[in-house]
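A short worksheet on the structure shown next.
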Amino acid sequence: MSLNSRTLLAVLLLVLAFAAHAQLSIEITGAGATRYPVAIPVLENEGALPRSVSDVVRDDLERSGLFSLVNLGLVSFPEAVVPDLAGLRGRGADAVLTGSVVPLADGRFDVRVRLFDTIKQLELGALAMRMAPTQNRATGHRIADFVYEKLTGQPGYFSTRIAYVVKSGPRYELQIADADGMNPQTALVSREPIISPAWAPDGQRLAYVSFEAKKPVIYVHDLPSGQRQVVANFRGSNSAPAWAPDGRRLAVVLTKDGPSQLYVINADGSGVRRLTNSSGIDTEPAWSADGQWIYFTSDRGGSAQIYRVGVDGGTPQRVTFEGSYNVTPRPSPDGKSLAYVTRNAGRFQVAIMDLASRHTTVLTESHRDESPSFAPNGRMILYASENGGRGVLAAVSADGRVRQRLSIQAADVREPAWGPIPPT
Amino acid sequence: MKKLLLPALLSALLVACGGKAGPQQTGAAVDERSAGSVATVTAPDVSGAGIAALTDPNNILSRRSVYFDFDSFVIRGEFTPLVEAHAGFLAQNPQMRMLIQGNTDERGSREYNLALGQKRAEALKQALLLLGARESQIESVSLGEEKPRCTDSSEPCFAENRRSDMLYTGEF
């Protein structure tokens with residue numbers, strides 16, 4: 001067998017292996033110290049659906065690490081009837097979801113659920129929606145978001161999507177999947193690297209850096225239409241796109257005037273304006289949620305540290321002081337904390353800083369963790385890690401207790417970006 | 001002398017192994033394309049170093065990589081003859097364009113490494129400009145850690161990836 005045909009066979013086998021395992025599988029590697037016991041019974045008449053909705057709700061809640069599931073067997077609790085709350089409490093459930101499925105004349109289904117607190121003996125809320133038979137996952141995620149928000153006071157993130165880059169051999173794919181790794185879809189395939197995907201606040205567009213022109217160029221990709229547009233292709237390198245909260249502008253890094261510096265540019269590529277002026281490296285911009293500050297990495301002080309600058313310029317303020325390598329700042333959605341990557345004795349780990357107290361906690365324990373990205377509710381941080389020599393995604397809660405690993409067999413996964421909460 | 005030969009040897013090795021796509025490995029395919037561009041080049045060759053010199057393994061101009069120390073952007077003295085040769089070629093062939101691609105090892109943030117690679121590309125560009133090349137001839141860009149020539153997580157591999165590559169018209 002010639003070298004070429006052997007190579008071809010190897011490539012074919014890789015492609016087949018990839019096709020068979022293209023979905024992210026999630027492994028829970030740590031959970032919250034105290035988990036809220038909740039019962040999510042099978043919905044009344046759920047068997048009328050081709051695929052289960054309550055399974056999706058249970059999986060979402062369990063994976064969050066904040067809930068423990070109380071198994072009530074195959075009994076269902078109709079939505080129209082208040083269940084025996086004292087009895088359910090006696091079986092260990094602090095909350096229970098009741099619900100029913102009713103087929104509609106047009107082929108769709110009416111799904112109604114209610115959530116009860118068995119300790120306070122009261123109803124916490126109700127949700128009703130209509131679904132097509134194939135929408136069991138989307139419906140389940142919405143119910144899980146409803147339960148999560150009622151019981152934790154924070155919005156859920158189960159209906160969100162994530163973007164990431166899969167590298168298999170010489171092939172790079174920018175993929176979009178549901179937050180649980182299901183329904184992966186490929187937005188872009190390239191023979192050259194793709195890095196730094198960034199979600200627009202509308203959840204419809206992604207900015208990223210592609211090397212297809214033998215140099216880094218920034219694109220904005222409209223996901224529903226698949227249309228993409230070059231936003232920055234100046235002389236030199238163009239990278240690190242970060243959306244402003246208004247979705248109309250991006251902070252980017254350009255080298256058209258010499259060193260890597262921060263610029264602000266309109267989403268259509270017009271109106272470029274320089275934001276920082278140093279003789280060294282300024283990169284990795286990220287906007288604060290209130291749109292007032294841009295956090296970034298700079299070597300202006302002699303080592304890589306995190307700074308912030310007002311969106312209209314001015315003198316940058318240094319944010320990190322400990323250690324010699326603190327990079328990739330990512331402000332939390334509530335503006336109170338900052339996730340970033342720090343180097344400790346040659347290991348790269350995700351840390352979180354409380355911005356008021358400057359107290360810092362290292363959240364991860366691997367040796368090559370990078371690219372942190374907050375869930376829109378700020379509760380979880382998705383990041384890129386390594387396991388067995390392969391790139392995997394992992395998630396850790398902002399308090400460091402809940403841990404998950406997301407991997408695709410036979411491929412490297414990297415550059416995760418957690419998308420916004422979709423409009424309802 | 002030994003050190004000067006290292007990049008050439010490594011690139012020869014890569015070509016022999018049919019290694020991953022890298023600027024030097026694409027040399028074979030590039031020959032055909034630069035043959036095409038020769039037809040459009042009419043300027044007389046002042047230096048005696050014609051386009052063919054760029055791919056002649058016996059000519060210093062066939063060497064295209066400058067290597068850097070860890071966390072450094074300083075062009076080591078051993079590369080001075082190589083940088084001088086390319087600056088001279090650019091000065092004497094004003095129609096030629098060069099793309100410099102800076103690279104880093106895999107450690108650290110991808111975007112920060114992209115900026116580090118840019119510094120390495122820019123350092124080489126500035127050296128070439130000082131030696132007579134024109135600003136309009138050279139674009140410096142970075143590939144960061146994204147296109148490693150060597151993929152092991154070992155110090156020799158990291159050293160191989162900390163470099164700037166020079167590509168001429170027709171090669172990028």
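Identifiers in the structure tokens: chain A, B, ... in order shown; residue index from 1 per chain; ligand index from 1 in order shown.
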Could you name the residues that touch region 237-254 of chain A at 8 Å or less, counting only C-alpha atoms, but leaving out those on the same chain fewer than 3 positions away, as a short mmCIF file (atom, residue, chain, number, x, y, z; two decimals) with C-alpha atoms, in the first residue's frame?
```cif
data_model
loop_
_atom_site.label_atom_id
_atom_site.label_comp_id
_atom_site.auth_asym_id
_atom_site.auth_seq_id
_atom_site.Cartn_x
_atom_site.Cartn_y
_atom_site.Cartn_z
CA SER A 196 -11.75 33.64 19.40
CA PRO A 197 -15.46 33.17 18.61
CA ALA A 198 -17.54 35.87 20.33
CA TRP A 199 -21.36 35.99 20.51
CA ALA A 200 -23.18 39.17 19.67
CA PRO A 201 -25.70 40.12 22.39
CA ASP A 202 -28.55 39.18 19.99
CA ALA A 207 -17.47 37.33 15.45
CA TYR A 208 -14.28 35.26 15.11
CA VAL A 209 -10.75 35.22 13.75
CA LYS A 215 -3.08 35.85 8.36
CA PRO A 216 -5.60 36.63 11.10
CA VAL A 217 -8.72 38.42 9.79
CA ILE A 218 -11.89 39.23 11.78
CA ALA A 232 -11.27 43.96 9.98
CA ASN A 233 -8.61 43.02 7.43
CA PHE A 234 -6.01 45.73 7.89
CA ASP A 257 -0.03 51.15 13.24
CA PRO A 259 2.26 47.04 17.93
CA SER A 260 -0.88 45.06 18.91
CA GLN A 261 -3.29 47.73 20.20
CA LEU A 262 -6.98 48.05 21.06
CA TYR A 263 -9.37 49.71 18.60
CA VAL A 264 -13.13 50.14 18.53
CA ILE A 265 -14.87 49.48 15.21
CA ASN A 266 -18.49 49.39 14.05
CA ALA A 267 -19.91 45.90 13.40
CA ASP A 282 -2.45 45.43 24.38
CA THR A 283 -4.87 42.58 23.59
CA GLU A 284 -7.84 40.42 24.68
CA PRO A 285 -10.38 43.22 25.18
CA ALA A 286 -13.64 42.44 27.02
CA TRP A 287 -16.42 44.95 27.78
CA ALA A 289 -21.65 44.54 31.24
CA ASP A 290 -22.47 48.23 31.78
CA GLY A 291 -20.47 49.13 28.66
CA GLU B 111 -4.64 35.71 21.70
CA GLN B 118 3.38 39.70 15.99
CA SER B 140 4.33 41.36 9.28
CA VAL B 141 1.56 39.15 10.63
CA SER B 142 1.21 36.54 13.35
#
```
Give the residues of chain A that lie within 10 Å of chain B; count only C-alpha atoms, and format the answer as a compact mmCIF listing (two decimals) with N, CA and C atoms, in the first residue's frame.
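Result file is selection04.txt:
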```
# COMPACT_ATOMS: atom_id res chain seq x y z
N GLY A 169 -7.60 16.43 12.84
CA GLY A 169 -6.57 16.42 11.80
C GLY A 169 -6.35 17.83 11.30
N PRO A 170 -6.35 18.03 9.98
CA PRO A 170 -6.10 19.38 9.45
C PRO A 170 -7.37 20.21 9.32
N GLU A 192 -7.71 26.10 7.70
CA GLU A 192 -6.83 26.98 8.49
C GLU A 192 -7.49 27.25 9.85
N PRO A 193 -6.70 27.64 10.85
CA PRO A 193 -7.25 27.81 12.20
C PRO A 193 -8.38 28.84 12.28
N ILE A 194 -9.26 28.60 13.25
CA ILE A 194 -10.32 29.54 13.61
C ILE A 194 -10.18 29.74 15.12
N ILE A 195 -10.13 30.98 15.59
CA ILE A 195 -10.03 31.21 17.03
C ILE A 195 -10.96 32.36 17.45
N SER A 196 -11.10 32.49 18.77
CA SER A 196 -11.75 33.64 19.40
C SER A 196 -13.19 33.91 18.97
N PHE A 211 -7.89 32.25 9.86
CA PHE A 211 -6.58 32.37 9.22
C PHE A 211 -6.61 31.92 7.77
N ALA A 213 -6.85 33.44 5.11
CA ALA A 213 -6.08 34.30 4.21
C ALA A 213 -4.60 34.31 4.58
N LYS A 214 -4.14 33.25 5.30
CA LYS A 214 -2.73 33.12 5.73
C LYS A 214 -2.33 34.18 6.76
N LYS A 215 -3.31 34.86 7.30
CA LYS A 215 -3.08 35.85 8.36
C LYS A 215 -4.39 36.00 9.11
N PRO A 216 -4.35 36.50 10.35
CA PRO A 216 -5.60 36.63 11.10
C PRO A 216 -6.47 37.79 10.61
N ARG A 235 -3.68 45.85 7.25
CA ARG A 235 -2.31 45.38 7.13
C ARG A 235 -1.86 44.87 8.49
N GLY A 236 -1.22 43.71 8.53
CA GLY A 236 -0.83 43.13 9.80
C GLY A 236 -1.89 42.16 10.31
N SER A 237 -1.95 41.99 11.63
CA SER A 237 -2.86 41.02 12.24
C SER A 237 -4.12 41.71 12.75
N ASN A 238 -5.24 40.99 12.67
CA ASN A 238 -6.54 41.49 13.13
C ASN A 238 -7.13 40.41 14.03
N SER A 239 -7.39 40.71 15.31
CA SER A 239 -7.80 39.61 16.19
C SER A 239 -8.58 40.09 17.40
N ALA A 240 -8.95 39.11 18.26
CA ALA A 240 -9.56 39.31 19.58
C ALA A 240 -10.85 40.15 19.55
N VAL A 253 -8.28 43.96 18.17
CA VAL A 253 -6.85 44.22 18.24
C VAL A 253 -6.30 44.28 16.82
N LEU A 254 -5.65 45.39 16.50
CA LEU A 254 -5.07 45.59 15.16
C LEU A 254 -3.59 45.91 15.33
N THR A 255 -2.81 45.64 14.26
CA THR A 255 -1.39 45.99 14.29
C THR A 255 -1.06 46.93 13.13
N LYS A 256 -2.09 47.55 12.55
CA LYS A 256 -1.87 48.38 11.35
C LYS A 256 -0.96 49.57 11.64
N GLY A 258 1.52 49.41 13.99
CA GLY A 258 2.72 48.93 14.67
C GLY A 258 2.40 47.82 15.65
N PRO A 259 2.48 48.10 16.95
CA PRO A 259 2.26 47.04 17.93
C PRO A 259 0.78 46.65 18.03
N SER A 260 0.49 45.52 18.70
CA SER A 260 -0.88 45.06 18.91
C SER A 260 -1.58 46.01 19.87
N GLN A 261 -2.59 46.73 19.39
CA GLN A 261 -3.29 47.73 20.20
C GLN A 261 -4.79 47.56 20.08
N GLY A 280 3.92 48.42 23.62
CA GLY A 280 4.00 46.97 23.71
C GLY A 280 2.71 46.31 23.25
N ILE A 281 2.32 45.25 23.97
CA ILE A 281 1.15 44.46 23.61
C ILE A 281 -0.06 44.93 24.42
N ASP A 282 -1.15 45.28 23.75
CA ASP A 282 -2.45 45.43 24.38
C ASP A 282 -3.38 44.49 23.62
N THR A 283 -4.01 43.53 24.32
CA THR A 283 -4.87 42.58 23.59
C THR A 283 -5.95 42.02 24.50
N GLU A 284 -6.76 41.10 23.96
CA GLU A 284 -7.84 40.42 24.68
C GLU A 284 -8.83 41.38 25.33
N THR A 297 -5.50 42.69 28.33
CA THR A 297 -4.19 42.19 28.77
C THR A 297 -3.12 43.07 28.15
N SER A 298 -2.10 43.42 28.94
CA SER A 298 -1.01 44.25 28.43
C SER A 298 0.31 43.86 29.08
N ASP A 299 1.40 44.05 28.33
CA ASP A 299 2.73 43.82 28.91
C ASP A 299 3.41 45.15 29.22
N ALA A 304 2.83 40.20 31.60
CA ALA A 304 1.45 40.18 31.11
C ALA A 304 0.49 40.33 32.29
N TYR A 325 1.96 36.43 35.09
CA TYR A 325 1.19 36.13 33.86
C TYR A 325 -0.28 36.02 34.21
N ASN A 326 -1.02 37.10 34.02
CA ASN A 326 -2.46 37.11 34.23
C ASN A 326 -3.10 37.64 32.95
N VAL A 327 -3.89 36.78 32.27
CA VAL A 327 -4.38 37.12 30.93
C VAL A 327 -5.86 36.76 30.77
N THR A 328 -6.42 37.10 29.63
CA THR A 328 -7.80 36.75 29.23
C THR A 328 -8.85 37.19 30.25
N VAL A 341 -7.15 34.04 33.35
CA VAL A 341 -6.23 32.91 33.39
C VAL A 341 -4.94 33.37 34.05
N THR A 342 -4.47 32.58 35.01
CA THR A 342 -3.24 32.93 35.72
C THR A 342 -2.25 31.78 35.62
N ARG A 343 -0.96 32.12 35.58
CA ARG A 343 0.07 31.08 35.53
C ARG A 343 0.65 30.89 36.92
N GLY A 346 4.16 27.37 36.16
CA GLY A 346 4.11 26.75 34.84
C GLY A 346 2.76 26.18 34.46
N ARG A 347 1.78 26.21 35.41
CA ARG A 347 0.43 25.72 35.10
C ARG A 347 -0.49 26.90 34.84
N PHE A 348 -1.35 26.73 33.84
CA PHE A 348 -2.29 27.81 33.49
C PHE A 348 -3.66 27.43 34.04
N GLN A 349 -4.22 28.29 34.89
CA GLN A 349 -5.47 27.96 35.56
C GLN A 349 -6.44 29.13 35.52
N ARG A 368 -3.39 23.26 31.80
CA ARG A 368 -3.49 24.08 30.59
C ARG A 368 -4.94 24.51 30.39
N ASP A 369 -5.44 25.34 31.28
CA ASP A 369 -6.81 25.83 31.19
C ASP A 369 -6.79 27.23 30.60
N GLU A 370 -7.69 27.49 29.65
CA GLU A 370 -7.70 28.81 29.02
C GLU A 370 -9.08 29.17 28.51
N SER A 371 -9.23 30.39 27.97
CA SER A 371 -10.44 30.88 27.32
C SER A 371 -11.70 30.77 28.18
N GLY A 389 -4.03 14.54 26.59
CA GLY A 389 -3.39 15.09 25.40
C GLY A 389 -4.36 15.68 24.39
N GLU A 415 -11.57 26.82 22.40
CA GLU A 415 -12.14 28.14 22.14
C GLU A 415 -13.65 28.22 22.40
```
CA of Gly400 (chain A) to CA of Gly65 (chain A), distance in Å rounded to a single decimal: 11.2 Å
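Counting from CA of Gly153 (chain A), the distance to CA of Arg379 (chain A) is 11.6 Å.
Take CA of Arg97 (chain B) and CA of Glu78 (chain B): the distance between them is 24.4 Å.
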Using only C-alpha atoms, determine which residues lie at most 8 Å from region 106-121 of chain A, disregarding the query and same-chain residues fewer than 4 positions distant; provide the list as a PyMOL selection string. chain A and resi 79+85-86+88-89+93-102+125-133+143+147
Taking only region 16-147 of chain A into account, list the residues labelled strand (DSSP E or B) by DSSP (computed from the backbone), as a ChimeraX atom specification. /A:25-30,36-39,42,44,67-69,76,95-103,109-117,122-131
Can I get the selected residues back with C-alpha atoms, as a PDB file, in the first residue's frame?
```pdb
ATOM      1  CA  SER A  25     -20.530  14.262  25.889  1.00  0.00           C
ATOM      2  CA  ILE A  26     -20.776  15.712  29.364  1.00  0.00           C
ATOM      3  CA  GLU A  27     -19.288  14.118  32.441  1.00  0.00           C
ATOM      4  CA  ILE A  28     -20.028  15.547  35.886  1.00  0.00           C
ATOM      5  CA  THR A  29     -16.860  15.671  37.955  1.00  0.00           C
ATOM      6  CA  GLY A  30     -18.046  17.656  40.989  1.00  0.00           C
ATOM      7  CA  TYR A  36     -31.732  21.059  46.554  1.00  0.00           C
ATOM      8  CA  PRO A  37     -33.876  17.876  46.512  1.00  0.00           C
ATOM      9  CA  VAL A  38     -36.508  18.178  43.804  1.00  0.00           C
ATOM     10  CA  ALA A  39     -38.947  15.705  42.221  1.00  0.00           C
ATOM     11  CA  VAL A  42     -43.150  11.963  34.357  1.00  0.00           C
ATOM     12  CA  GLU A  44     -49.355  13.145  32.685  1.00  0.00           C
ATOM     13  CA  PHE A  67     -30.192  19.822  42.578  1.00  0.00           C
ATOM     14  CA  SER A  68     -30.600  16.215  43.608  1.00  0.00           C
ATOM     15  CA  LEU A  69     -33.436  14.317  41.979  1.00  0.00           C
ATOM     16  CA  SER A  76     -47.424  11.281  37.206  1.00  0.00           C
ATOM     17  CA  ALA A  95     -40.097  20.888  45.571  1.00  0.00           C
ATOM     18  CA  VAL A  96     -42.151  19.019  42.989  1.00  0.00           C
ATOM     19  CA  LEU A  97     -43.075  19.748  39.384  1.00  0.00           C
ATOM     20  CA  THR A  98     -46.527  18.632  38.281  1.00  0.00           C
ATOM     21  CA  GLY A  99     -47.567  18.658  34.640  1.00  0.00           C
ATOM     22  CA  SER A 100     -49.703  17.387  31.796  1.00  0.00           C
ATOM     23  CA  VAL A 101     -49.426  16.936  28.036  1.00  0.00           C
ATOM     24  CA  VAL A 102     -52.546  17.463  25.876  1.00  0.00           C
ATOM     25  CA  PRO A 103     -52.527  16.733  22.111  1.00  0.00           C
ATOM     26  CA  PHE A 109     -49.057  19.504  22.060  1.00  0.00           C
ATOM     27  CA  ASP A 110     -50.074  21.718  24.948  1.00  0.00           C
ATOM     28  CA  VAL A 111     -47.621  21.327  27.845  1.00  0.00           C
ATOM     29  CA  ARG A 112     -48.528  22.771  31.246  1.00  0.00           C
ATOM     30  CA  VAL A 113     -46.433  22.532  34.424  1.00  0.00           C
ATOM     31  CA  ARG A 114     -46.646  23.854  37.981  1.00  0.00           C
ATOM     32  CA  LEU A 115     -43.942  24.017  40.627  1.00  0.00           C
ATOM     33  CA  PHE A 116     -44.725  23.533  44.336  1.00  0.00           C
ATOM     34  CA  ASP A 117     -42.668  24.143  47.464  1.00  0.00           C
ATOM     35  CA  LEU A 122     -47.367  26.750  48.244  1.00  0.00           C
ATOM     36  CA  GLU A 123     -47.284  27.004  44.484  1.00  0.00           C
ATOM     37  CA  LEU A 124     -44.162  28.789  43.145  1.00  0.00           C
ATOM     38  CA  GLY A 125     -45.403  29.330  39.596  1.00  0.00           C
ATOM     39  CA  ALA A 126     -46.853  27.840  36.430  1.00  0.00           C
ATOM     40  CA  LEU A 127     -45.720  27.614  32.801  1.00  0.00           C
ATOM     41  CA  ALA A 128     -47.698  26.692  29.688  1.00  0.00           C
ATOM     42  CA  MET A 129     -46.448  26.315  26.131  1.00  0.00           C
ATOM     43  CA  ARG A 130     -47.247  24.680  22.836  1.00  0.00           C
ATOM     44  CA  MET A 131     -44.693  22.438  21.179  1.00  0.00           C
TER      45      MET A 131
END
```
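If only C-alpha atoms are the atoms counted, then among B:Asn161, B:Thr151, B:Ser65, B:Ser72 the closest residue to Asn103 (chain B) is B:Asn161.
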List the neighbours of region 87-93 of chain B out to 12 Å using only C-alpha atoms; skip same-chain residues closer than 2 positions along the sequence, and give me the result as a PyMOL selection string. chain B and resi 41-54+59-62+80-85+95-99+124-138+166-169
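Between Trp293 (chain A) and the candidates A:Val272, A:Gly47, A:Arg191, A:Pro329, the tightest atom-to-atom separation, counting only C-alpha atoms, involves A:Pro329.
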If you run DSSP over the backbone, which residues in region 80-114 of chain B end up alpha helix (DSSP H)? Put them as a PyMOL selection string. chain B and resi 80-92+110-114
